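**Q** Quick one, start31.cif (mmCIF, C-alpha atoms):
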data_run
loop_
_atom_site.group_PDB
_atom_site.id
_atom_site.type_symbol
_atom_site.label_atom_id
_atom_site.label_comp_id
_atom_site.auth_asym_id
_atom_site.auth_seq_id
_atom_site.Cartn_x
_atom_site.Cartn_y
_atom_site.Cartn_z
ATOM 1 C CA MET A 229 -42.169 -10.969 -16.862
ATOM 2 C CA ASN A 230 -40.634 -7.751 -18.132
ATOM 3 C CA ASP A 231 -40.240 -6.568 -14.504
ATOM 4 C CA THR A 232 -38.186 -9.677 -13.730
ATOM 5 C CA ILE A 233 -35.800 -9.000 -16.631
ATOM 6 C CA ILE A 234 -35.379 -5.354 -15.631
ATOM 7 C CA THR A 235 -34.818 -6.382 -12.020
ATOM 8 C CA GLY A 236 -32.207 -8.912 -13.136
ATOM 9 C CA ILE A 237 -30.425 -6.331 -15.271
ATOM 10 C CA GLU A 238 -30.548 -3.813 -12.450
ATOM 11 C CA ALA A 239 -29.207 -6.432 -10.057
ATOM 12 C CA ILE A 240 -26.289 -7.203 -12.356
ATOM 13 C CA GLN A 241 -25.551 -3.486 -12.727
ATOM 14 C CA ALA A 242 -25.686 -3.007 -8.977
ATOM 15 C CA MET A 243 -23.382 -5.977 -8.390
ATOM 16 C CA LEU A 244 -20.885 -4.717 -10.960
ATOM 17 C CA ALA A 245 -20.707 -1.186 -9.535
ATOM 18 C CA PRO A 246 -18.315 -2.240 -6.729
ATOM 19 C CA ALA A 247 -16.228 -3.996 -9.405
ATOM 20 C CA LEU A 248 -15.270 -0.560 -10.708
ATOM 21 C CA GLY A 249 -13.951 0.189 -7.242
ATOM 22 C CA ILE A 250 -12.009 -3.065 -7.358
ATOM 23 C CA SER A 251 -10.385 -2.164 -10.683
ATOM 24 C CA ALA A 252 -9.466 1.364 -9.658
ATOM 25 C CA THR A 253 -8.158 0.246 -6.280
ATOM 26 C CA ALA A 254 -6.146 -2.559 -7.883
ATOM 27 C CA LEU A 255 -4.306 0.020 -9.999
ATOM 28 C CA LEU A 256 -3.425 1.954 -6.846
ATOM 29 C CA LEU A 257 -2.332 -1.299 -5.233
ATOM 30 C CA LEU A 258 -0.051 -2.097 -8.160
ATOM 31 C CA SER A 259 1.832 1.188 -7.852
ATOM 32 C CA MET A 260 2.072 0.875 -4.057
ATOM 33 C CA HIS A 261 3.404 -2.662 -4.299
ATOM 34 C CA ASN A 262 5.980 -1.574 -6.867
ATOM 35 C CA ARG A 263 7.201 1.230 -4.595
ATOM 36 C CA PHE A 264 7.266 -1.192 -1.651
ATOM 37 C CA SER A 265 9.421 -3.663 -3.597
ATOM 38 C CA ILE A 266 11.849 -0.923 -4.627
ATOM 39 C CA ALA A 267 12.179 0.294 -1.029
ATOM 40 C CA ILE A 268 12.787 -3.259 0.231
ATOM 41 C CA ASN A 269 15.457 -3.851 -2.416
ATOM 42 C CA ARG A 270 17.126 -0.551 -1.507
ATOM 43 C CA ILE A 271 17.227 -1.567 2.163
ATOM 44 C CA ARG A 272 18.867 -4.858 1.186
ATOM 45 C CA ALA A 273 21.494 -3.062 -0.908
ATOM 46 C CA LEU A 274 22.262 -0.600 1.890
ATOM 47 C CA ASN A 275 22.483 -3.426 4.426
ATOM 48 C CA GLU A 276 24.998 -5.180 2.182
ATOM 49 C CA GLU A 277 27.074 -2.001 1.987
ATOM 50 C CA ARG A 278 26.853 -1.656 5.774
ATOM 51 C CA ARG A 279 27.996 -5.289 6.200
ATOM 52 C CA ARG A 280 31.063 -4.607 4.045
ATOM 53 C CA TYR A 281 31.883 -1.651 6.277
ATOM 54 C CA HIS A 282 31.573 -3.840 9.405
ATOM 55 C CA ILE A 283 33.822 -6.506 7.855
ATOM 56 C CA LYS A 284 36.425 -3.872 7.106
ATOM 57 C CA VAL A 285 36.293 -2.573 10.680
ATOM 58 C CA SER A 286 36.450 -6.128 12.117
ATOM 59 C CA LYS A 287 39.636 -6.744 10.121
ATOM 60 C CA ASN A 288 41.150 -3.713 11.858
ATOM 61 C CA GLU A 289 41.286 -1.758 8.623
ATOM 62 C CA GLU A 290 40.901 1.928 9.368
ATOM 63 C CA PRO A 291 37.954 3.389 7.465
ATOM 64 C CA GLY A 292 38.490 6.805 5.973
ATOM 65 C CA ALA A 293 36.513 9.921 6.806
ATOM 66 C CA TYR A 294 34.348 9.471 3.717
ATOM 67 C CA GLU A 295 33.552 5.849 4.657
ATOM 68 C CA GLN A 296 32.567 6.880 8.165
ATOM 69 C CA PHE A 297 30.345 9.631 6.771
ATOM 70 C CA ARG A 298 28.877 7.171 4.275
ATOM 71 C CA TYR A 299 28.194 4.669 7.069
ATOM 72 C CA SER A 300 26.274 7.344 8.947
ATOM 73 C CA SER A 301 24.335 8.208 5.793
ATOM 74 C CA ILE A 302 23.517 4.525 5.198
ATOM 75 C CA SER A 303 22.248 4.130 8.758
ATOM 76 C CA ASN A 304 19.995 7.170 8.397
ATOM 77 C CA GLN A 305 18.697 5.963 5.051
ATOM 78 C CA ILE A 306 17.894 2.517 6.418
ATOM 79 C CA ILE A 307 15.922 4.072 9.270
ATOM 80 C CA MET A 308 13.942 6.269 6.864
ATOM 81 C CA LEU A 309 13.422 3.457 4.353
ATOM 82 C CA THR A 310 12.187 1.152 7.104
ATOM 83 C CA TYR A 311 9.661 3.811 8.084
ATOM 84 C CA ARG A 312 8.668 4.147 4.404
ATOM 85 C CA CYS A 313 8.147 0.393 4.178
ATOM 86 C CA LYS A 314 5.908 0.513 7.233
ATOM 87 C CA GLU A 315 3.817 3.284 5.656
ATOM 88 C CA LEU A 316 3.626 1.407 2.353
ATOM 89 C CA ARG A 317 2.719 -1.827 4.130
ATOM 90 C CA ASN A 318 -0.155 -0.009 5.836
ATOM 91 C CA ALA A 319 -1.246 1.519 2.511
ATOM 92 C CA ILE A 320 -1.157 -1.882 0.815
ATOM 93 C CA LEU A 321 -3.083 -3.598 3.607
ATOM 94 C CA CYS A 322 -5.761 -0.882 3.621
ATOM 95 C CA THR A 323 -6.079 -1.103 -0.142
ATOM 96 C CA MET A 324 -6.304 -4.897 -0.076
ATOM 97 C CA GLY A 325 -8.906 -4.654 2.679
ATOM 98 C CA SER A 326 -10.959 -2.279 0.565
ATOM 99 C CA ILE A 327 -10.871 -4.687 -2.380
ATOM 100 C CA LEU A 328 -12.074 -7.456 -0.076
ATOM 101 C CA LEU A 329 -14.931 -5.257 1.135
ATOM 102 C CA PHE A 330 -15.890 -4.348 -2.450
ATOM 103 C CA VAL A 331 -16.132 -8.061 -3.299
ATOM 104 C CA VAL A 332 -18.235 -8.708 -0.190
ATOM 105 C CA THR A 333 -20.461 -5.772 -1.188
ATOM 106 C CA SER A 334 -21.077 -7.312 -4.612
ATOM 107 C CA ILE A 335 -21.965 -10.642 -3.047
ATOM 108 C CA LEU A 336 -24.329 -9.027 -0.549
ATOM 109 C CA ILE A 337 -26.081 -7.090 -3.310
ATOM 110 C CA GLY A 338 -26.694 -10.445 -5.004
ATOM 111 C CA VAL A 339 -27.934 -11.983 -1.757
ATOM 112 C CA ASN A 340 -30.346 -9.054 -1.391
ATOM 113 C CA ILE A 341 -32.133 -10.182 -4.557
ATOM 114 C CA PHE A 342 -33.252 -13.415 -2.904
ATOM 115 C CA PHE A 343 -33.449 -12.467 0.766
ATOM 116 C CA SER A 344 -34.375 -8.970 1.681
ATOM 117 C CA SER A 345 -34.699 -7.383 5.077
ATOM 118 C CA TYR A 346 -33.901 -3.892 6.321
ATOM 119 C CA VAL A 347 -30.582 -4.975 7.827
ATOM 120 C CA LEU A 348 -29.589 -6.906 4.728
ATOM 121 C CA ARG A 349 -30.493 -3.979 2.471
ATOM 122 C CA MET A 350 -28.302 -1.559 4.467
ATOM 123 C CA THR A 351 -25.314 -3.901 4.894
ATOM 124 C CA PRO A 352 -23.875 -3.526 1.353
ATOM 125 C CA LEU A 353 -23.938 0.271 1.641
ATOM 126 C CA ILE A 354 -22.184 0.175 5.006
ATOM 127 C CA ILE A 355 -19.554 -2.312 3.823
ATOM 128 C CA PHE A 356 -18.956 -0.354 0.610
ATOM 129 C CA SER A 357 -18.558 2.864 2.630
ATOM 130 C CA VAL A 358 -16.018 1.207 4.927
ATOM 131 C CA GLY A 359 -14.170 -0.016 1.826
ATOM 132 C CA MET A 360 -14.036 3.535 0.472
ATOM 133 C CA LEU A 361 -12.767 4.745 3.851
ATOM 134 C CA LEU A 362 -9.985 2.160 3.647
ATOM 135 C CA VAL A 363 -9.091 3.450 0.173
ATOM 136 C CA LEU A 364 -8.826 6.965 1.630
ATOM 137 C CA ILE A 365 -6.644 5.778 4.509
ATOM 138 C CA GLY A 366 -4.449 3.846 2.056
ATOM 139 C CA ILE A 367 -4.019 6.980 -0.072
ATOM 140 C CA VAL A 368 -3.014 8.991 3.002
ATOM 141 C CA TYR A 369 -0.376 6.387 3.879
ATOM 142 C CA SER A 370 0.805 6.419 0.273
ATOM 143 C CA ALA A 371 1.075 10.215 0.301
ATOM 144 C CA LYS A 372 3.141 10.041 3.491
ATOM 145 C CA ASP A 373 5.445 7.624 1.680
ATOM 146 C CA VAL A 374 5.959 10.101 -1.154
ATOM 147 C CA ILE A 375 7.016 12.755 1.370
ATOM 148 C CA ASN A 376 9.387 10.333 3.105
ATOM 149 C CA SER A 377 10.779 9.194 -0.231
ATOM 150 C CA TYR A 378 12.025 12.704 -0.874
ATOM 151 C CA LYS A 379 13.623 12.836 2.583
ATOM 152 C CA VAL A 380 15.553 9.621 1.878
ATOM 153 C CA THR A 381 16.744 11.122 -1.407
ATOM 154 C CA GLU A 382 18.005 14.208 0.448
ATOM 155 C CA ILE A 383 19.976 11.995 2.856
ATOM 156 C CA GLU A 384 21.489 10.121 -0.107
ATOM 157 C CA ILE A 385 22.498 13.345 -1.823
ATOM 158 C CA LYS A 386 24.086 14.748 1.338
ATOM 159 C CA GLY A 387 25.917 11.446 1.860
ATOM 160 C CA ASP A 388 27.533 11.636 -1.583
ATOM 161 C CA THR A 389 28.750 15.218 -1.418
#
As a first step, turn the structure in this file into structure tokens.

**A**
Amino acid sequence: MNDTIITGIEAIQAMLAPALGISATALLLLSMHNRFSIAINRIRALNEERRRYHIKVSKNEEPGAYEQFRYSSISNQIIMLTYRCKELRNAILCTMGSILLFVVTSILIGVNIFFSSYVLRMTPLIIFSVGMLLVLIGIVYSAKDVINSYKVTEIEIKGDT
């Protein structure tokens, strides 16, 4: 009887181990999603500024040299921000995929308690490993976003000088 209790406790511990991965990955996901939202809002603001420029040109109002330079800067920023959003989207999707795989791992560990075969015993380890690989890929995409974020800032600074 004591073996059954220990096995149950061990099973619960094993099932909760991937939950730590879920919590840690969810924190990464929160920061990525926040950065994604900020980049999307910035694109919308720049598009609005670009629309005002187009309206001015369509009304045959001559834009000044600064406005033309600013328009060029806005176009470059939108291109870079769009690329950033793509990188962040990939990071978010990889991170969400890893959370899904961590949940599946927990479920499969529980299934292993009742039905055990060699394939079923190895499946949670494989799925958990793929989930960790997705976390790594998501972090790489996120790091690329940080680099591109600085490039967009440089374009903005050059556009205002």

**Q** Can you pull out every residue within 12 Å of A:Ile266, counting all atoms listed in the file, but drop anything in the same chain fewer than 3 positions away, and send it as a list in words?

**A**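 Those residues are Ser259, Met260, His261, Asn262, Arg263, Asn269, Arg270, Ile271, Arg272, Ala273, Leu309, Thr310, Arg312, Cys313, Leu316 and Ser377 of chain A.
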
**Q** Could you state which residues are captured by the PyMOL selection byres ((chain A and resi 318) around 12) in this file, as a count of residues only?

**A** 30

**Q** So which one's closest to A:Met243, A:Ala293, A:Ile302, A:Ile335, A:Val358? Using all atoms listed in the file, please.

**A**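 Smallest distance to A:Met243 is found for A:Ile335.
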
**Q** Name the residues captured by the PyMOL selection byres ((chain A and resi 327) around 8) when it is applied to the shown file; answer as a count of residues only.

**A** 13

**Q** Selected by the PyMOL selection byres ((chain A and resi 304) around 12) in the shown coordinates: which residues, as a tab-separated table (two decimals) with C-alpha atoms, keeping the file's coordinate frame?

**A**
chain	number	residue	atom	x	y	z
A	271	ILE	CA	17.23	-1.57	2.16
A	274	LEU	CA	22.26	-0.60	1.89
A	275	ASN	CA	22.48	-3.43	4.43
A	278	ARG	CA	26.85	-1.66	5.77
A	297	PHE	CA	30.34	9.63	6.77
A	298	ARG	CA	28.88	7.17	4.28
A	299	TYR	CA	28.19	4.67	7.07
A	300	SER	CA	26.27	7.34	8.95
A	301	SER	CA	24.34	8.21	5.79
A	302	ILE	CA	23.52	4.53	5.20
A	303	SER	CA	22.25	4.13	8.76
A	305	GLN	CA	18.70	5.96	5.05
A	306	ILE	CA	17.89	2.52	6.42
A	307	ILE	CA	15.92	4.07	9.27
A	308	MET	CA	13.94	6.27	6.86
A	309	LEU	CA	13.42	3.46	4.35
A	310	THR	CA	12.19	1.15	7.10
A	311	TYR	CA	9.66	3.81	8.08
A	379	LYS	CA	13.62	12.84	2.58
A	380	VAL	CA	15.55	9.62	1.88
A	381	THR	CA	16.74	11.12	-1.41
A	382	GLU	CA	18.00	14.21	0.45
A	383	ILE	CA	19.98	12.00	2.86
A	384	GLU	CA	21.49	10.12	-0.11
A	386	LYS	CA	24.09	14.75	1.34
A	387	GLY	CA	25.92	11.45	1.86

**Q** For A:Asn340, which residue among A:Leu256, A:Ala267, A:Val285, A:Leu353 is the nearest when counting all atoms listed in the file?

**A**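 The shortest atom-to-atom distance to A:Asn340 comes from A:Leu353.
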
**Q** Expressed in Å to a single decimal, how great is the separation between atom CA of A:Ile237 and atom CA of A:Arg349?

**A**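 These atoms are spaced 17.9 Å apart.
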
**Q** Just to confirm, what's the straight-line distance from atom CA of A:Ile240 to atom CA of A:Leu361 in Å (one decimal)?

**A**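 Computing it gives 24.3 Å between the two atoms.
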
**Q** So how many Å separate atom CA of A:Leu336 and atom CA of A:Ala247, to one decimal?

**A**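 Atom CA of A:Leu336 sits 13.0 Å away from atom CA of A:Ala247.
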
**Q** Identify which of the residues A:Ile341, A:Val332, A:Ala245, A:Gln296 lies closest to A:His282, counting only C-alpha atoms when measuring atom-to-atom distances.

**A**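 Of A:Ile341, A:Val332, A:Ala245, A:Gln296, the one nearest A:His282, counting only C-alpha atoms, is A:Gln296.
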
**Q** Could you check which of A:Val374, A:Ile337, A:Ile268, A:Leu255 is closest to A:Gly236, using all atoms listed in the file?

**A** A:Ile337

**Q** Extending 6 Å beyond the listed atoms of stretch 312-329 of chain A on each side, what axis-aligned box results? I want centre and edge lengths in Å to one decimal, as lines of an AutoDock Vina configuration file.

**A**
center_x = -3.1
center_y = -1.7
center_z = 2.4
size_x = 35.6
size_y = 23.6
size_z = 21.6
